[in-house]
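Text of upload_3.csv (CSV, C-alpha atoms) as supplied:
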```
chain,number,residue,atom,x,y,z
A,4,MET,CA,169.5,101.2,49.8
A,5,THR,CA,171.3,101.3,53.1
A,6,PRO,CA,168.8,100.5,55.8
A,7,LEU,CA,168.3,102.8,58.8
A,8,LEU,CA,168.5,101.3,62.2
A,9,LEU,CA,165.7,101.2,64.8
A,10,GLU,CA,168.2,102.1,67.5
A,11,ASP,CA,167.3,103.6,70.8
A,12,ARG,CA,169.4,106.0,73.0
A,13,TYR,CA,171.0,103.0,74.8
A,14,GLY,CA,172.4,101.4,71.7
A,15,ARG,CA,169.8,98.6,71.4
A,16,VAL,CA,168.6,97.9,67.9
A,17,ALA,CA,165.2,96.4,67.2
A,18,THR,CA,165.2,93.7,64.6
A,19,ASP,CA,162.2,91.7,65.9
A,20,LEU,CA,158.8,93.2,64.9
A,21,ARG,CA,155.6,92.1,66.7
A,22,VAL,CA,152.5,92.9,64.6
A,23,SER,CA,149.1,92.8,66.3
A,24,LEU,CA,146.5,92.1,63.7
A,25,THR,CA,143.5,92.5,66.0
A,26,ASP,CA,142.5,93.2,69.6
A,27,ARG,CA,139.7,90.7,69.4
A,28,CYS,CA,139.9,87.3,71.1
A,29,ASN,CA,137.6,84.2,71.3
A,30,LEU,CA,138.8,83.3,74.8
A,31,ARG,CA,138.3,85.3,78.1
A,32,CYS,CA,141.4,84.4,80.1
A,33,SER,CA,141.0,85.6,83.7
A,34,TYR,CA,144.4,87.2,83.7
A,35,CYS,CA,143.8,89.2,80.5
A,36,MET,CA,140.2,90.4,80.3
A,37,PRO,CA,136.8,90.3,82.1
A,38,PRO,CA,134.2,87.7,81.3
A,39,GLU,CA,132.1,90.0,79.2
A,40,GLY,CA,135.1,91.0,77.0
A,41,LEU,CA,136.2,94.5,76.1
A,42,ASP,CA,135.1,97.3,73.8
A,43,TRP,CA,136.9,96.3,70.6
A,44,LEU,CA,138.6,98.8,68.3
A,45,PRO,CA,136.3,100.3,65.6
A,46,ASP,CA,136.8,98.5,62.3
A,47,ASP,CA,137.9,101.7,60.5
A,48,SER,CA,140.7,102.2,63.0
A,49,VAL,CA,142.3,98.8,62.4
A,50,LEU,CA,144.9,98.7,59.7
A,51,THR,CA,143.9,97.1,56.4
A,52,ASP,CA,145.8,94.1,55.1
A,53,ASP,CA,147.5,96.3,52.6
A,54,GLU,CA,148.5,98.8,55.3
A,55,VAL,CA,149.9,96.1,57.5
A,56,VAL,CA,152.0,94.6,54.7
A,57,ARG,CA,153.2,98.0,53.6
A,58,LEU,CA,154.5,98.8,57.1
A,59,ILE,CA,156.1,95.4,57.4
A,60,ARG,CA,157.8,96.0,54.0
A,61,ILE,CA,159.2,99.3,55.2
A,62,GLY,CA,160.4,97.6,58.4
A,63,VAL,CA,162.2,94.9,56.4
A,64,GLU,CA,163.5,96.8,53.5
A,65,ARG,CA,164.4,100.1,55.2
A,66,LEU,CA,164.8,99.4,58.9
A,67,GLY,CA,166.6,96.1,59.2
A,68,ILE,CA,163.7,94.0,60.6
A,69,GLN,CA,164.6,90.3,60.5
A,70,GLU,CA,161.8,88.6,62.4
A,71,VAL,CA,158.1,89.2,62.2
A,72,ARG,CA,155.6,87.7,64.7
A,73,PHE,CA,151.9,88.1,64.3
A,74,THR,CA,149.9,88.5,67.5
A,75,GLY,CA,146.6,89.7,68.7
A,76,GLY,CA,144.2,89.5,70.5
A,77,GLU,CA,143.9,86.3,68.6
A,78,PRO,CA,145.5,86.6,65.1
A,79,LEU,CA,143.5,83.6,63.8
A,80,VAL,CA,140.3,85.6,63.9
A,81,ARG,CA,141.8,88.0,61.3
A,82,ARG,CA,140.4,86.8,58.0
A,83,GLY,CA,143.3,88.0,56.0
A,84,LEU,CA,146.0,86.2,58.1
A,85,VAL,CA,147.1,83.6,55.6
A,86,ASP,CA,147.4,86.2,52.8
A,87,ILE,CA,149.3,88.6,55.1
A,88,VAL,CA,151.7,85.8,55.9
A,89,ARG,CA,152.1,84.9,52.2
A,90,ARG,CA,152.8,88.6,51.3
A,91,THR,CA,155.3,88.9,54.2
A,92,ARG,CA,157.2,85.8,53.1
A,93,GLU,CA,157.5,87.4,49.6
A,94,LEU,CA,159.6,90.1,51.3
A,95,GLY,CA,162.4,87.6,51.8
A,96,GLU,CA,163.2,84.0,52.5
A,97,HIS,CA,165.6,85.1,55.2
A,98,LEU,CA,162.7,86.4,57.4
A,99,ASP,CA,161.7,84.4,60.5
A,100,ILE,CA,157.9,84.5,60.5
A,101,SER,CA,155.8,83.2,63.4
A,102,VAL,CA,152.4,83.5,65.0
A,103,THR,CA,151.4,83.6,68.6
A,104,THR,CA,148.0,82.1,69.0
A,105,ASN,CA,145.5,80.3,71.3
A,106,ALA,CA,145.2,77.6,68.6
A,107,LEU,CA,141.5,77.8,68.3
A,108,GLY,CA,140.9,77.1,64.6
A,109,LEU,CA,144.5,76.2,64.0
A,110,SER,CA,143.6,72.7,63.0
A,111,ARG,CA,141.8,74.2,60.0
A,112,ASN,CA,144.6,76.7,59.1
A,113,ALA,CA,147.9,75.1,59.9
A,114,THR,CA,148.6,73.6,56.5
A,115,ALA,CA,147.5,76.8,54.7
A,116,LEU,CA,149.8,78.9,57.0
A,117,LYS,CA,152.7,76.6,56.4
A,118,ASP,CA,152.1,76.8,52.6
A,119,ALA,CA,152.0,80.6,52.8
A,120,GLY,CA,155.4,80.7,54.4
A,121,LEU,CA,154.9,80.6,58.1
A,122,ASP,CA,157.8,79.1,60.0
A,123,ARG,CA,156.4,78.3,63.4
A,124,VAL,CA,153.7,78.9,66.0
A,125,ASN,CA,153.7,79.8,69.7
A,126,VAL,CA,150.6,78.5,71.4
A,127,SER,CA,149.2,79.9,74.7
A,128,LEU,CA,148.2,77.0,76.9
A,129,ASP,CA,148.3,77.2,80.7
A,130,THR,CA,147.3,73.7,81.7
A,131,ALA,CA,147.0,70.1,80.5
A,132,ARG,CA,143.7,69.7,82.2
A,133,ALA,CA,140.4,70.4,80.5
A,134,ASP,CA,138.6,71.6,83.6
A,135,THR,CA,141.4,74.0,84.6
A,136,PHE,CA,141.5,75.3,81.0
A,137,HIS,CA,137.7,76.0,81.2
A,138,ARG,CA,138.0,77.9,84.5
A,139,ILE,CA,141.0,80.0,83.3
A,140,THR,CA,139.7,80.8,79.8
A,141,ARG,CA,135.9,80.7,80.6
A,142,ARG,CA,135.5,78.6,77.5
A,143,ASP,CA,135.3,74.8,77.1
A,144,ARG,CA,137.7,74.6,74.2
A,145,PHE,CA,140.7,72.6,75.5
A,146,HIS,CA,140.3,69.8,73.0
A,147,ASP,CA,140.3,72.4,70.1
A,148,VAL,CA,143.6,73.7,71.4
A,149,VAL,CA,145.0,70.2,71.5
A,150,ALA,CA,143.9,69.6,67.9
A,151,GLY,CA,145.5,72.9,66.8
A,152,LEU,CA,148.8,71.9,68.4
A,153,GLU,CA,148.7,68.5,66.7
A,154,ALA,CA,147.9,70.1,63.3
A,155,ALA,CA,150.7,72.6,63.7
A,156,GLN,CA,153.2,69.9,64.4
A,157,ALA,CA,151.9,67.7,61.5
A,158,ALA,CA,152.2,70.7,59.1
A,159,GLY,CA,155.8,71.3,60.0
A,160,LEU,CA,155.3,74.5,61.9
A,161,GLY,CA,158.0,73.7,64.4
A,162,PRO,CA,159.4,73.7,66.8
A,163,VAL,CA,155.9,74.1,68.3
A,164,LYS,CA,156.2,76.2,71.4
A,165,VAL,CA,153.8,76.4,74.3
A,166,ASN,CA,153.5,79.5,76.4
A,167,ALA,CA,152.1,79.1,79.9
A,168,VAL,CA,151.2,81.4,82.8
A,169,LEU,CA,150.9,80.0,86.3
A,170,LEU,CA,148.2,81.6,88.4
A,171,ARG,CA,148.2,81.5,92.2
A,172,GLY,CA,145.4,79.3,93.5
A,173,GLU,CA,144.5,78.0,90.0
A,174,ASN,CA,147.3,76.1,88.3
A,175,GLU,CA,150.5,77.0,90.2
A,176,ASP,CA,150.9,73.3,91.2
A,177,GLN,CA,150.6,72.0,87.6
A,178,ALA,CA,154.0,73.0,86.2
A,179,PRO,CA,155.6,69.5,86.3
A,180,GLU,CA,152.5,68.0,84.9
A,181,LEU,CA,152.3,70.4,82.0
A,182,LEU,CA,156.0,70.0,81.3
A,183,ALA,CA,155.6,66.2,81.1
A,184,TRP,CA,152.6,66.7,78.8
A,185,CYS,CA,154.7,68.9,76.4
A,186,LEU,CA,157.8,66.7,76.5
A,187,GLU,CA,155.7,63.6,75.6
A,188,ARG,CA,154.4,65.4,72.5
A,189,GLY,CA,157.6,67.2,71.5
A,190,TYR,CA,156.5,70.7,72.3
A,191,GLU,CA,158.8,73.3,73.7
A,192,LEU,CA,157.3,74.7,76.9
A,193,ARG,CA,158.0,78.3,78.2
A,194,PHE,CA,156.6,79.5,81.5
A,195,ILE,CA,155.9,83.2,81.6
A,196,GLU,CA,155.6,85.3,84.8
A,197,GLN,CA,152.3,87.0,84.8
A,198,MET,CA,152.8,90.6,83.8
A,199,PRO,CA,150.8,93.8,84.7
A,200,LEU,CA,148.9,93.9,81.4
A,201,ASP,CA,145.4,92.8,82.4
A,202,ALA,CA,142.4,94.9,81.4
A,203,GLN,CA,141.1,94.9,84.9
A,204,HIS,CA,144.4,96.3,86.4
A,205,GLY,CA,144.2,93.6,89.1
A,206,TRP,CA,147.8,92.4,88.9
A,207,SER,CA,150.0,92.5,92.0
A,208,ARG,CA,153.5,91.4,92.5
A,209,GLU,CA,152.5,89.5,95.6
A,210,GLY,CA,149.9,87.5,93.6
A,211,MET,CA,152.3,86.6,90.8
A,212,VAL,CA,153.9,83.2,90.7
A,213,THR,CA,157.6,84.0,90.4
A,214,ALA,CA,160.3,82.4,88.4
A,215,GLU,CA,161.9,81.1,91.6
A,216,GLU,CA,158.6,79.4,92.5
A,217,ILE,CA,158.4,77.9,89.0
A,218,PHE,CA,161.9,76.5,89.3
A,219,ALA,CA,161.1,75.1,92.7
A,220,SER,CA,158.0,73.4,91.5
A,221,LEU,CA,159.7,71.9,88.4
A,222,SER,CA,162.7,70.7,90.6
A,223,THR,CA,160.4,68.4,92.5
A,224,ALA,CA,160.1,66.2,89.4
A,225,TYR,CA,163.0,67.1,87.1
A,226,THR,CA,166.7,68.1,87.1
A,227,LEU,CA,167.2,71.3,85.2
A,228,THR,CA,170.5,72.3,83.8
A,229,PRO,CA,171.2,75.7,82.1
A,230,ALA,CA,171.4,75.3,78.4
A,231,GLU,CA,174.8,75.7,76.8
A,232,GLU,CA,173.6,77.8,73.9
A,233,PRO,CA,173.9,81.6,74.6
A,234,ARG,CA,170.6,83.3,75.4
A,235,GLY,CA,171.3,86.4,73.3
A,236,SER,CA,168.2,88.6,73.1
A,237,ALA,CA,165.8,85.7,73.6
A,238,PRO,CA,163.4,86.4,76.5
A,239,ALA,CA,163.5,82.9,77.9
A,240,GLU,CA,166.1,81.4,80.1
A,241,LEU,CA,166.5,77.9,78.7
A,242,PHE,CA,167.2,74.7,80.6
A,243,THR,CA,167.7,71.1,79.6
A,244,VAL,CA,165.4,68.6,81.4
A,245,ASP,CA,167.0,65.5,82.9
A,246,GLY,CA,170.0,65.9,80.7
A,247,GLY,CA,168.0,66.5,77.5
A,248,PRO,CA,167.1,66.4,74.7
A,249,GLY,CA,164.0,68.1,76.1
A,250,THR,CA,164.1,71.7,77.3
A,251,VAL,CA,162.0,74.1,79.2
A,252,GLY,CA,162.2,77.9,79.3
A,253,VAL,CA,161.2,80.5,81.9
A,254,ILE,CA,160.5,84.1,80.9
A,255,ALA,CA,160.9,86.1,84.0
A,256,SER,CA,160.0,89.5,82.7
A,257,VAL,CA,159.2,90.9,86.2
A,258,THR,CA,161.8,89.4,88.5
A,259,ARG,CA,164.7,88.9,86.1
A,260,PRO,CA,164.1,91.6,83.5
A,261,PHE,CA,166.1,91.4,80.3
A,262,CYS,CA,165.5,94.9,79.0
A,263,GLY,CA,169.2,95.5,78.3
A,264,ASP,CA,169.1,93.0,75.5
A,265,CYS,CA,165.7,93.8,74.1
A,266,ASP,CA,165.5,93.8,70.3
A,267,ARG,CA,161.7,94.1,69.9
A,268,VAL,CA,159.4,96.7,68.6
A,269,ARG,CA,155.6,96.5,68.4
A,270,LEU,CA,153.0,97.6,65.9
A,271,THR,CA,149.4,97.7,67.2
A,272,ALA,CA,146.4,96.7,65.2
A,273,ASP,CA,145.5,100.4,64.8
A,274,GLY,CA,148.9,101.4,63.6
A,275,GLN,CA,150.7,102.6,66.7
A,276,VAL,CA,154.4,102.0,67.3
A,277,ARG,CA,155.1,100.8,70.8
A,278,ASN,CA,158.9,100.7,71.6
A,279,CYS,CA,158.2,98.7,74.8
A,280,LEU,CA,155.5,96.4,76.0
A,281,PHE,CA,155.0,98.6,79.0
A,282,ALA,CA,155.3,102.0,77.3
A,283,ARG,CA,152.9,104.7,78.4
A,284,SER,CA,153.0,106.4,75.0
A,285,GLU,CA,152.8,105.4,71.4
A,286,SER,CA,153.7,106.9,68.0
A,287,ASP,CA,151.0,107.0,65.3
A,288,LEU,CA,151.9,105.7,61.9
A,289,ARG,CA,148.3,105.1,60.8
A,290,ALA,CA,147.5,108.8,60.4
A,291,ALA,CA,150.6,109.5,58.4
A,292,LEU,CA,150.0,106.4,56.3
A,293,ARG,CA,146.5,107.5,55.5
A,294,ASP,CA,147.6,111.0,54.8
A,295,GLY,CA,149.7,109.7,52.0
A,296,VAL,CA,153.2,110.2,53.2
A,297,ASP,CA,155.9,108.2,51.4
A,298,ASP,CA,157.8,105.2,52.6
A,299,GLU,CA,160.9,107.3,53.5
A,300,GLU,CA,158.9,109.6,55.8
A,301,LEU,CA,157.2,106.6,57.5
A,302,ALA,CA,160.6,105.0,58.1
A,303,GLN,CA,162.0,108.2,59.6
A,304,ARG,CA,159.0,108.5,61.9
A,305,TRP,CA,159.5,105.0,63.0
A,306,VAL,CA,163.2,105.7,63.8
A,307,VAL,CA,162.2,108.7,65.9
A,308,ALA,CA,159.6,106.6,67.7
A,309,MET,CA,162.4,104.3,68.9
A,310,LEU,CA,164.4,107.1,70.5
A,311,GLY,CA,162.0,107.5,73.3
A,312,LYS,CA,162.4,103.9,74.5
A,313,ALA,CA,163.2,103.8,78.2
A,314,ALA,CA,166.2,101.9,79.7
A,315,GLY,CA,163.8,99.4,81.3
A,316,HIS,CA,160.2,98.6,82.0
A,317,GLY,CA,160.3,100.1,85.5
A,318,ILE,CA,158.0,97.6,87.2
A,319,ASP,CA,160.1,97.8,90.4
A,320,ASP,CA,159.9,101.6,90.4
A,321,PRO,CA,157.4,103.0,92.9
A,322,THR,CA,156.1,105.4,90.2
A,323,PHE,CA,155.4,102.5,87.7
A,324,LEU,CA,152.0,102.8,86.1
A,325,GLN,CA,150.4,100.0,84.1
A,326,PRO,CA,149.9,100.8,80.5
A,327,ASP,CA,146.4,101.9,79.6
A,328,ARG,CA,146.1,99.3,76.9
A,329,PRO,CA,145.8,95.6,78.1
A,330,MET,CA,147.9,92.9,76.5
A,331,SER,CA,145.0,92.0,74.1
A,332,ALA,CA,145.2,95.4,72.5
A,333,ILE,CA,149.0,95.7,72.5
A,334,GLY,CA,150.0,92.3,71.1
A,335,GLY,CA,152.5,90.0,72.8
```

How does the structure come out when it is put into structure tokens?
Amino acid sequence: MTPLLLEDRYGRVATDLRVSLTDRCNLRCSYCMPPEGLDWLPDDSVLTDDEVVRLIRIGVERLGIQEVRFTGGEPLVRRGLVDIVRRTRELGEHLDISVTTNALGLSRNATALKDAGLDRVNVSLDTARADTFHRITRRDRFHDVVAGLEAAQAAGLGPVKVNAVLLRGENEDQAPELLAWCLERGYELRFIEQMPLDAQHGWSREGMVTAEEIFASLSTAYTLTPAEEPRGSAPAELFTVDGGPGTVGVIASVTRPFCGDCDRVRLTADGQVRNCLFARSESDLRAALRDGVDDEELAQRWVVAMLGKAAGHGIDDPTFLQPDRPMSAIGG
């Protein structure tokens, strides 16, 4: 079978599938959702394990997907996660399979996930200080995240990557400290500019800590050199630290957009295709799936969904509107 391509009108081909398994989360990060949380998706609207695996299989076998990353919400709260990973691995040893997680509970599941076929984890952690973690996440769980990171590394889920967001007036001065903490433990740190995906719609460009500010902060303690390896479609600009071997990355989605090299497509927990993180529209695969259409028809609908992908996210456009769904309901 010759696979179709998930190609948009600008010649970009999606080979990296981000699958959100739930919109639920057990943290309440201030830049993501309010303290009281959100109204979660109704259970019957969320794809079943079988439906998730079927759509991944169609993506891999018919549409050229090569990487699958499970996201949320928090994917570890999905009871079927280990089995979904195992069934995804059965689709091919060539697949790159990862999970983006807050690491709560990872200490209990790291070995099982590795045995199921997971390659690596990306852990969201914005600080190396327990008190700052408590303020940002509104939960006193820093030590659980540390335990999850250690368990992931011990299980061989590497390289273990840490994703951090700097918040003005909260942790913006902690970049060198967090980098030192990660380098000491062998974790690969990536700083991410805060994006307009919060449920409260409180984001502003003026309030965002920019990539230039991150570089300036890190440069007070380290010498950063652009990595020799080509960036390709990777979202992070990679730098060696003090000559290596340690590295640090910066994902400047807002101030240095990399839309022209984007190779990602997203599937929400309720079965909607999003061809861009900032898309204002979605394409429903769940209804067709539950109406009994065959794999070929689902694949064709997915191909059509990609044709509407915009040239860029448009954050700098005066007409830009933040997506209705927050990050927790889209998947990272």

TODO: Mind checking which residues fall within 9 Å of A:Glu77, counting all atoms listed in the file, ignoring those fewer than 3 positions away in the same chain, and posting them as a PyMOL selection string?
DONE: chain A and resi 23-30+74+80-81+103-107+331+334

With C-alpha atoms kept, could you save the residues just selected as a PDB file, keeping the file's coordinate frame?
```
ATOM      1  CA  SER A  23     149.100  92.800  66.300  1.00  0.00           C
ATOM      2  CA  LEU A  24     146.500  92.100  63.700  1.00  0.00           C
ATOM      3  CA  THR A  25     143.500  92.500  66.000  1.00  0.00           C
ATOM      4  CA  ASP A  26     142.500  93.200  69.600  1.00  0.00           C
ATOM      5  CA  ARG A  27     139.700  90.700  69.400  1.00  0.00           C
ATOM      6  CA  CYS A  28     139.900  87.300  71.100  1.00  0.00           C
ATOM      7  CA  ASN A  29     137.600  84.200  71.300  1.00  0.00           C
ATOM      8  CA  LEU A  30     138.800  83.300  74.800  1.00  0.00           C
ATOM      9  CA  THR A  74     149.900  88.500  67.500  1.00  0.00           C
ATOM     10  CA  VAL A  80     140.300  85.600  63.900  1.00  0.00           C
ATOM     11  CA  ARG A  81     141.800  88.000  61.300  1.00  0.00           C
ATOM     12  CA  THR A 103     151.400  83.600  68.600  1.00  0.00           C
ATOM     13  CA  THR A 104     148.000  82.100  69.000  1.00  0.00           C
ATOM     14  CA  ASN A 105     145.500  80.300  71.300  1.00  0.00           C
ATOM     15  CA  ALA A 106     145.200  77.600  68.600  1.00  0.00           C
ATOM     16  CA  LEU A 107     141.500  77.800  68.300  1.00  0.00           C
ATOM     17  CA  SER A 331     145.000  92.000  74.100  1.00  0.00           C
ATOM     18  CA  GLY A 334     150.000  92.300  71.100  1.00  0.00           C
TER      19      GLY A 334
END
```

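Interatomic distance, atom CA of A:Tyr34 to atom CA of A:Leu192: 19.2 Å.
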
Please build the interface table for stretch 197-302 of chain A against stretch 160-173 of chain A with a cut-off of 12 Å, listing for each qualifying residue the nearest atom pair and the distance in Å to one decimal; count only C-alpha atoms, order rows by chain and increasing number, and write it as a Markdown table.
```
| residue | atom | partner | partner_atom | distance |
| --- | --- | --- | --- | --- |
| A:Gln197 | CA | A:Val168 | CA | 6.0 |
| A:Met198 | CA | A:Val168 | CA | 9.4 |
| A:Trp206 | CA | A:Leu170 | CA | 10.8 |
| A:Ser207 | CA | A:Arg171 | CA | 11.1 |
| A:Arg208 | CA | A:Arg171 | CA | 11.2 |
| A:Glu209 | CA | A:Arg171 | CA | 9.7 |
| A:Gly210 | CA | A:Arg171 | CA | 6.4 |
| A:Met211 | CA | A:Arg171 | CA | 6.7 |
| A:Val212 | CA | A:Arg171 | CA | 6.1 |
| A:Thr213 | CA | A:Leu169 | CA | 8.8 |
| A:Ala214 | CA | A:Leu169 | CA | 9.9 |
| A:Glu216 | CA | A:Leu169 | CA | 9.9 |
| A:Ile217 | CA | A:Leu169 | CA | 8.2 |
| A:Phe218 | CA | A:Leu169 | CA | 11.9 |
| A:Ser220 | CA | A:Leu169 | CA | 11.0 |
| A:Ala239 | CA | A:Asn166 | CA | 10.7 |
| A:Gly249 | CA | A:Pro162 | CA | 11.8 |
| A:Thr250 | CA | A:Lys164 | CA | 10.8 |
| A:Val251 | CA | A:Val165 | CA | 9.8 |
| A:Gly252 | CA | A:Asn166 | CA | 9.3 |
| A:Val253 | CA | A:Ala167 | CA | 9.4 |
| A:Ile254 | CA | A:Asn166 | CA | 9.5 |
| A:Ala255 | CA | A:Val168 | CA | 10.8 |
| A:Ser256 | CA | A:Val168 | CA | 12.0 |
```

Dump as a tab-separated table (two decimals), keeping the file's coordinate frame, selection limited to C-alpha atoms:
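Final file, result-v1.tsv:
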```
chain	number	residue	atom	x	y	z
A	197	GLN	CA	152.30	87.00	84.80
A	198	MET	CA	152.80	90.60	83.80
A	206	TRP	CA	147.80	92.40	88.90
A	207	SER	CA	150.00	92.50	92.00
A	208	ARG	CA	153.50	91.40	92.50
A	209	GLU	CA	152.50	89.50	95.60
A	210	GLY	CA	149.90	87.50	93.60
A	211	MET	CA	152.30	86.60	90.80
A	212	VAL	CA	153.90	83.20	90.70
A	213	THR	CA	157.60	84.00	90.40
A	214	ALA	CA	160.30	82.40	88.40
A	216	GLU	CA	158.60	79.40	92.50
A	217	ILE	CA	158.40	77.90	89.00
A	218	PHE	CA	161.90	76.50	89.30
A	220	SER	CA	158.00	73.40	91.50
A	239	ALA	CA	163.50	82.90	77.90
A	249	GLY	CA	164.00	68.10	76.10
A	250	THR	CA	164.10	71.70	77.30
A	251	VAL	CA	162.00	74.10	79.20
A	252	GLY	CA	162.20	77.90	79.30
A	253	VAL	CA	161.20	80.50	81.90
A	254	ILE	CA	160.50	84.10	80.90
A	255	ALA	CA	160.90	86.10	84.00
A	256	SER	CA	160.00	89.50	82.70
```

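Close to (144.3, 70.1, 68.1), meaning no more than 10 Å away when counting all atoms listed in the file, sit the residues Ala106, Leu107, Gly108, Leu109, Ser110, Arg111, Phe145, His146, Asp147, Val148, Val149, Ala150, Gly151, Leu152, Glu153, Ala154, Ala155 and Gln156 of chain A.
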
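When atom CA of A:Gly235 is paired with atom CA of A:Arg259, their separation reads 14.6 Å.
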
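Shortest separation to A:Arg21 among A:Val244, A:Ile100, A:Ala183, A:Val71 occurs at residue A:Val71, atoms counted being all atoms listed in the file.
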
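The space between atom CA of A:Tyr225 and atom CA of A:Leu128 spans 20.5 Å.
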
Need the neighbours of (163.3, 92.9, 73.6): which residues are at most 9 Å away, counting only C-alpha atoms, as a short mmCIF file (atom, residue, chain, number, x, y, z; two decimals) with C-alpha atoms, in the coordinates of the input?
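Listed below is the output, point-v3.cif:
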```cif
data_model
loop_
_atom_site.label_atom_id
_atom_site.label_comp_id
_atom_site.auth_asym_id
_atom_site.auth_seq_id
_atom_site.Cartn_x
_atom_site.Cartn_y
_atom_site.Cartn_z
CA ARG A 15 169.80 98.60 71.40
CA ALA A 17 165.20 96.40 67.20
CA ASP A 19 162.20 91.70 65.90
CA SER A 236 168.20 88.60 73.10
CA ALA A 237 165.80 85.70 73.60
CA PRO A 238 163.40 86.40 76.50
CA PHE A 261 166.10 91.40 80.30
CA CYS A 262 165.50 94.90 79.00
CA GLY A 263 169.20 95.50 78.30
CA ASP A 264 169.10 93.00 75.50
CA CYS A 265 165.70 93.80 74.10
CA ASP A 266 165.50 93.80 70.30
CA ARG A 267 161.70 94.10 69.90
CA VAL A 268 159.40 96.70 68.60
CA CYS A 279 158.20 98.70 74.80
CA LEU A 280 155.50 96.40 76.00
#
```

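If you measure from each of A:Leu84, A:Asp42, A:Leu79, A:Gly120 to A:His97 using all atoms listed in the file, the closest one turns out to be A:Gly120.
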
Open item on the list: For A:Arg132, find every residue with an atom within 12 Å (counting all atoms listed in the file), except residues of its own chain fewer than 3 positions away, and show them as a ChimeraX atom specification.
Closed with: /A:128-129,135-139,143-146,148-149,173-174,177-178,180-181,184
